[in-house]
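Chemist: Here you go, one structure.
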Amino acid sequence: MIWYPYTQMKTMAEPIEIIGAEGVYLHTKDKKLIDTTTSWWSVIHGYNNPEINEALKNQVDQFAHVMLGGLTHEPVKALSKKLVEILPGDLNHCFYSDSGSVGVEVALKMAVQYFFNQGQPEKKSFVGLKCAYHGDTFKTMAIGDDEDYHLAFPEKEGIYHISPNASELKALFEDKHREIAAFIVEPLLQGAGGMRMYDVSFLEEARKLCDEYNVLFIFDEVATGFGRTGHMFVSELVCPDIVILGKALTAGYIGHAVTVANDKVFDGFYSDQPEHAFMHGPTFMGNPLACTVALKSIEIFEREDYMSKIKAIESQLKDAFDDFSSDKVKDIRILGACLCLEVHDQKDLKGFKEFAVENGIHSRPFINYMYGMFPYIIKEDELTHVCNVYKKWFEKE
Ligand SMILES: *Cc1c(COP(=O)(O)O)cnc(C)c1O
């Protein structure tokens, strides 16, 4: 039998069986549902994109996989070139892995070894934000701050959590910078920790403080990358030393991630000493199918001017919720193609998932958060319908 994620198997509701998917729609036996989860925020072009399917099939007929240990291939070379071109600054060095969590692990390891290689092995602690989510592996759980996910794994040794507040960060750096390797954030939008949003000015201040105290600045853009916040990458606003991309990187086709380091970090490993090498290498890193999909996805993104689609989604969401209020709703947050309605009481979302299905929508609220992370191809009338259903839920009874 299947052991499903994030769920008590004993009381789990029957999962919805999907028999097909096309554009923004998931098909069940008897329904078509607009997917507002974008399958954990990844399927940015919608389902079953003919161009991506075609590219994938072509690559399968060439070869599905070769390892990157001692071998290389055109898809990984072309994707790396493209990523370096579209990422800001000197984020020039692409290290691939098979999931966002592993991509974050890679970034954290890079930071620690960067200082180790320089003869500063004591710099091995990390700073993260309160309510952060960076993945489900051990170190990413530790750097995360969400008890709902990680109750049984409280280990936080060598980890500090702060609010997105520059004076708090400065005070911590002042006291502990000798032991701190890196500060990692989900920039502008904290996803799984509750769709929390904060201002870019904090990132600007933090960038300065990281330079001042010799701490590497890491952006986990696994969720925010590829337009989600209304910026192609938040890294365009403030440039980190290391950025991690995942989720939308492969448009929901194949799990893959990339950790991209700047010249300074890369140069910290580049030497005549073999032990300065970065000792990490996931079996499926740089998988040719994943790279092919990512390349095609970026091509479509650019050609179809997705940034303006995202702007249109954002302004439609703002218009739709401009004059909306409900006693049950504590806060409404909108950024790019992301909407979050936070309720005061988690009970007020009980039954919403079923209500959404009755109204032709797939939604997966968690804790106090009802959210939409929309596929960028969603049409105006489809988004209007979704917004109306959200409102209808709070207006009923
Ligand atoms: C989803 C997510 C991850 C983990 O990615 P996986 O591919 O699920 O391992 C890491 N960081 C952020 C910000 C995420 O949203």
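Scheme for the structure tokens: letters A, B, ... for chains in order shown; per-chain residue numbers from 1; ligand numbers from 1 in order shown.
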Residues at most 7 Å from region 264-266 of chain A, counting only C-alpha atoms, excluding those fewer than 3 positions away in the same chain, as an mmCIF file with N, CA, C and O atoms, in the first residue's frame?
Modeler:
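In the end it all went to out_29.cif:
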```cif
data_model
loop_
_atom_site.group_PDB
_atom_site.id
_atom_site.type_symbol
_atom_site.label_atom_id
_atom_site.label_comp_id
_atom_site.auth_asym_id
_atom_site.auth_seq_id
_atom_site.Cartn_x
_atom_site.Cartn_y
_atom_site.Cartn_z
ATOM 1 N N HIS A 93 27.980 29.103 -11.227
ATOM 2 C CA HIS A 93 28.443 27.718 -11.086
ATOM 3 C C HIS A 93 27.306 26.825 -10.613
ATOM 4 O O HIS A 93 26.854 26.923 -9.469
ATOM 5 N N TYR A 114 33.402 25.929 2.397
ATOM 6 C CA TYR A 114 34.039 27.160 1.913
ATOM 7 C C TYR A 114 34.949 27.729 3.003
ATOM 8 O O TYR A 114 36.113 28.073 2.752
ATOM 9 N N ALA A 261 26.304 28.762 -7.313
ATOM 10 C CA ALA A 261 27.217 29.530 -6.457
ATOM 11 C C ALA A 261 27.857 30.660 -7.259
ATOM 12 O O ALA A 261 28.056 30.540 -8.473
ATOM 13 N N PHE A 269 36.889 26.635 -3.535
ATOM 14 C CA PHE A 269 37.098 25.191 -3.713
ATOM 15 C C PHE A 269 38.149 24.897 -4.782
ATOM 16 O O PHE A 269 38.659 23.791 -4.879
ATOM 17 N N TYR A 270 38.434 25.902 -5.600
ATOM 18 C CA TYR A 270 39.259 25.746 -6.799
ATOM 19 C C TYR A 270 40.714 25.908 -6.403
ATOM 20 O O TYR A 270 41.180 27.027 -6.157
#
```
Chemist: Determine which residues of region 60-275 of chain A receive a DSSP assignment of strand (DSSP E or B), computed from the backbone, and state them as a PyMOL selection string.
Modeler: chain A and resi 91-97+125-129+159-162+180-185+189-190+196-197+216-220+242-245+257-262
Chemist: Give me, as a PyMOL selection string, the set of residues whose atoms come within 10 Å of any atom of ligand 1, counting only C-alpha atoms and all ligand atoms.
Modeler: chain A and resi 40-42+97-105+132-137+140-141+144+185-187+189-193+219-225+244-248+255-257
Chemist: Which is closer to Ile34 (chain A) than all the others in A:Gln316, A:Thr283, A:Thr7, A:Thr384, using only C-alpha atoms?
Modeler: A:Thr384
Chemist: Considering only C-alpha atoms, tabulate each residue of region 259-323 of chain A that lies at most 7 Å from region 55-72 of chain A along with its nearest interatomic pair and the corresponding distance in Å to one decimal; arrange the rows by chain and ascending residue number and present them as JSON lines.
Modeler:
```
{"residue": "A:Thr283", "atom": "CA", "partner": "A:Met67", "partner_atom": "CA", "distance": 6.6}
{"residue": "A:Phe284", "atom": "CA", "partner": "A:Met67", "partner_atom": "CA", "distance": 6.5}
{"residue": "A:Met285", "atom": "CA", "partner": "A:Leu68", "partner_atom": "CA", "distance": 6.7}
{"residue": "A:Gly286", "atom": "CA", "partner": "A:Leu68", "partner_atom": "CA", "distance": 6.7}
{"residue": "A:Asn287", "atom": "CA", "partner": "A:His65", "partner_atom": "CA", "distance": 5.6}
{"residue": "A:Pro288", "atom": "CA", "partner": "A:His65", "partner_atom": "CA", "distance": 5.7}
{"residue": "A:Leu289", "atom": "CA", "partner": "A:Ala64", "partner_atom": "CA", "distance": 6.0}
{"residue": "A:Thr292", "atom": "CA", "partner": "A:Leu56", "partner_atom": "CA", "distance": 6.6}
{"residue": "A:Val293", "atom": "CA", "partner": "A:Leu56", "partner_atom": "CA", "distance": 6.3}
```
Chemist: Taking all heavy atoms for each residue, export the selection above as a short mmCIF file (atom, residue, chain, number, x, y, z; two decimals), in the first residue's frame.
Modeler:
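Result file selection.cif:
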```
data_model
loop_
_atom_site.label_atom_id
_atom_site.label_comp_id
_atom_site.auth_asym_id
_atom_site.auth_seq_id
_atom_site.Cartn_x
_atom_site.Cartn_y
_atom_site.Cartn_z
N THR A 283 23.14 10.63 -7.54
CA THR A 283 23.14 9.71 -8.68
C THR A 283 22.52 10.35 -9.93
O THR A 283 23.05 10.24 -11.02
CB THR A 283 22.34 8.44 -8.32
OG1 THR A 283 22.93 7.88 -7.14
CG2 THR A 283 22.36 7.42 -9.44
N PHE A 284 21.40 11.03 -9.72
CA PHE A 284 20.66 11.54 -10.89
C PHE A 284 20.90 13.02 -11.17
O PHE A 284 20.13 13.67 -11.88
CB PHE A 284 19.16 11.25 -10.72
CG PHE A 284 18.87 9.78 -10.75
CD1 PHE A 284 18.50 9.09 -9.60
CD2 PHE A 284 19.01 9.07 -11.94
CE1 PHE A 284 18.26 7.73 -9.63
CE2 PHE A 284 18.77 7.70 -11.98
CZ PHE A 284 18.40 7.02 -10.83
N MET A 285 21.98 13.58 -10.62
CA MET A 285 22.24 15.01 -10.85
C MET A 285 22.45 15.29 -12.33
O MET A 285 23.10 14.52 -13.04
CB MET A 285 23.45 15.49 -10.03
CG MET A 285 24.80 15.01 -10.48
SD MET A 285 26.15 15.57 -9.38
CE MET A 285 26.23 17.34 -9.70
N GLY A 286 21.85 16.36 -12.80
CA GLY A 286 22.01 16.74 -14.20
C GLY A 286 21.34 15.78 -15.17
O GLY A 286 21.70 15.74 -16.35
N ASN A 287 20.37 15.03 -14.68
CA ASN A 287 19.66 14.07 -15.55
C ASN A 287 19.23 14.74 -16.86
O ASN A 287 18.63 15.81 -16.85
CB ASN A 287 18.45 13.54 -14.79
CG ASN A 287 17.56 12.70 -15.67
OD1 ASN A 287 16.58 13.18 -16.21
ND2 ASN A 287 17.91 11.44 -15.83
N PRO A 288 19.55 14.10 -18.00
CA PRO A 288 19.27 14.73 -19.29
C PRO A 288 17.80 15.03 -19.54
O PRO A 288 17.47 16.04 -20.17
CB PRO A 288 19.77 13.69 -20.30
CG PRO A 288 20.75 12.85 -19.55
CD PRO A 288 20.31 12.84 -18.13
N LEU A 289 16.91 14.18 -19.04
CA LEU A 289 15.48 14.45 -19.22
C LEU A 289 15.08 15.69 -18.43
O LEU A 289 14.38 16.57 -18.94
CB LEU A 289 14.64 13.25 -18.75
CG LEU A 289 14.90 11.91 -19.46
CD1 LEU A 289 14.06 10.81 -18.83
CD2 LEU A 289 14.61 12.01 -20.95
N THR A 292 16.50 18.80 -20.12
CA THR A 292 15.77 19.10 -21.35
C THR A 292 14.45 19.79 -21.04
O THR A 292 14.08 20.80 -21.67
CB THR A 292 15.50 17.79 -22.14
OG1 THR A 292 16.76 17.21 -22.45
CG2 THR A 292 14.72 18.05 -23.41
N VAL A 293 13.74 19.26 -20.04
CA VAL A 293 12.47 19.86 -19.63
C VAL A 293 12.69 21.28 -19.12
O VAL A 293 11.96 22.20 -19.47
CB VAL A 293 11.80 18.98 -18.54
CG1 VAL A 293 10.70 19.75 -17.84
CG2 VAL A 293 11.25 17.70 -19.14
#
```
Chemist: When DSSP works through the backbone of this structure, what residues of region 109-205 of chain A end up as alpha helix (DSSP H), shown as number ranges by chain?
Modeler: A: 109-117, 138-143, 147-150, 166-176, 200-205
Chemist: Could you write out the selected residues, including C-alpha atoms, as a short mmCIF file (atom, residue, chain, number, x, y, z; two decimals), in the first residue's frame?
Modeler:
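Saved as part.cif:
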```
data_model
loop_
_atom_site.label_atom_id
_atom_site.label_comp_id
_atom_site.auth_asym_id
_atom_site.auth_seq_id
_atom_site.Cartn_x
_atom_site.Cartn_y
_atom_site.Cartn_z
CA LYS A 109 27.61 22.01 2.83
CA MET A 110 29.18 24.43 0.36
CA ALA A 111 29.04 27.20 2.97
CA VAL A 112 30.69 25.12 5.69
CA GLN A 113 33.41 23.74 3.42
CA TYR A 114 34.04 27.16 1.91
CA PHE A 115 35.25 28.33 5.33
CA PHE A 116 36.91 25.00 6.14
CA ASN A 117 39.01 25.29 2.99
CA PHE A 138 17.68 16.41 8.70
CA LYS A 139 19.70 19.60 8.25
CA THR A 140 16.98 21.34 6.25
CA MET A 141 14.51 20.50 9.04
CA ALA A 142 16.91 21.95 11.59
CA ILE A 143 17.37 25.17 9.65
CA GLU A 147 6.98 22.52 14.61
CA ASP A 148 3.94 21.33 12.73
CA TYR A 149 6.28 19.60 10.34
CA HIS A 150 9.14 18.64 12.59
CA ALA A 166 18.00 43.87 10.48
CA SER A 167 18.82 44.91 14.05
CA GLU A 168 18.13 41.38 15.29
CA LEU A 169 20.45 40.01 12.62
CA LYS A 170 23.13 42.58 13.44
CA ALA A 171 23.03 41.77 17.15
CA LEU A 172 23.36 38.06 16.42
CA PHE A 173 26.24 38.55 13.96
CA GLU A 174 28.01 40.84 16.43
CA ASP A 175 27.90 38.11 19.05
CA LYS A 176 28.35 34.95 16.95
CA VAL A 200 12.88 43.60 0.32
CA SER A 201 14.55 46.24 2.53
CA PHE A 202 15.37 43.48 5.03
CA LEU A 203 17.24 41.56 2.32
CA GLU A 204 19.17 44.69 1.36
CA GLU A 205 20.22 45.27 4.98
#
```
Chemist: Got a sec: who's within 12 Å of Val84 (chain A), counting only C-alpha atoms, leaving out chain neighbours fewer than 4 positions off, as a ChimeraX atom specification?
Modeler: /A:77-80,88-95,243,258-263
Chemist: Please produce an output containing C-alpha atoms for each residue in the selection, written as an mmCIF file, in the first residue's frame.
Modeler:
```
data_model
loop_
_atom_site.group_PDB
_atom_site.id
_atom_site.type_symbol
_atom_site.label_atom_id
_atom_site.label_comp_id
_atom_site.auth_asym_id
_atom_site.auth_seq_id
_atom_site.Cartn_x
_atom_site.Cartn_y
_atom_site.Cartn_z
ATOM 1 C CA LYS A 77 25.703 22.138 -20.723
ATOM 2 C CA ALA A 78 22.919 24.102 -22.416
ATOM 3 C CA LEU A 79 20.871 24.426 -19.220
ATOM 4 C CA SER A 80 23.870 25.617 -17.189
ATOM 5 C CA PRO A 88 21.939 37.975 -11.907
ATOM 6 C CA GLY A 89 25.495 38.875 -10.898
ATOM 7 C CA ASP A 90 28.195 36.246 -10.904
ATOM 8 C CA LEU A 91 25.990 33.298 -9.943
ATOM 9 C CA ASN A 92 27.940 31.236 -12.456
ATOM 10 C CA HIS A 93 28.443 27.718 -11.086
ATOM 11 C CA CYS A 94 25.599 25.177 -11.294
ATOM 12 C CA PHE A 95 25.537 22.119 -9.054
ATOM 13 C CA VAL A 243 20.849 30.388 -4.795
ATOM 14 C CA VAL A 258 20.168 23.300 -8.886
ATOM 15 C CA THR A 259 22.408 25.087 -6.385
ATOM 16 C CA VAL A 260 24.149 27.982 -8.096
ATOM 17 C CA ALA A 261 27.217 29.530 -6.457
ATOM 18 C CA ASN A 262 28.936 32.818 -7.236
ATOM 19 C CA ASP A 263 32.608 33.121 -8.198
#
```
Chemist: With distances taken over only C-alpha atoms, which residue among A:Met197, A:Cys131, A:Ala152, A:Ile218 lies nearest Phe183 (chain A)?
Modeler: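 Of A:Met197, A:Cys131, A:Ala152, A:Ile218, the one nearest Phe183 (chain A), counting only C-alpha atoms, is A:Ile218.
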Chemist: Between CA of Cys291 (chain A) and CA of Val76 (chain A), what is the spacing in Å?
Modeler: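 CA of Cys291 (chain A) lies at a distance of 5.7 Å from CA of Val76 (chain A).
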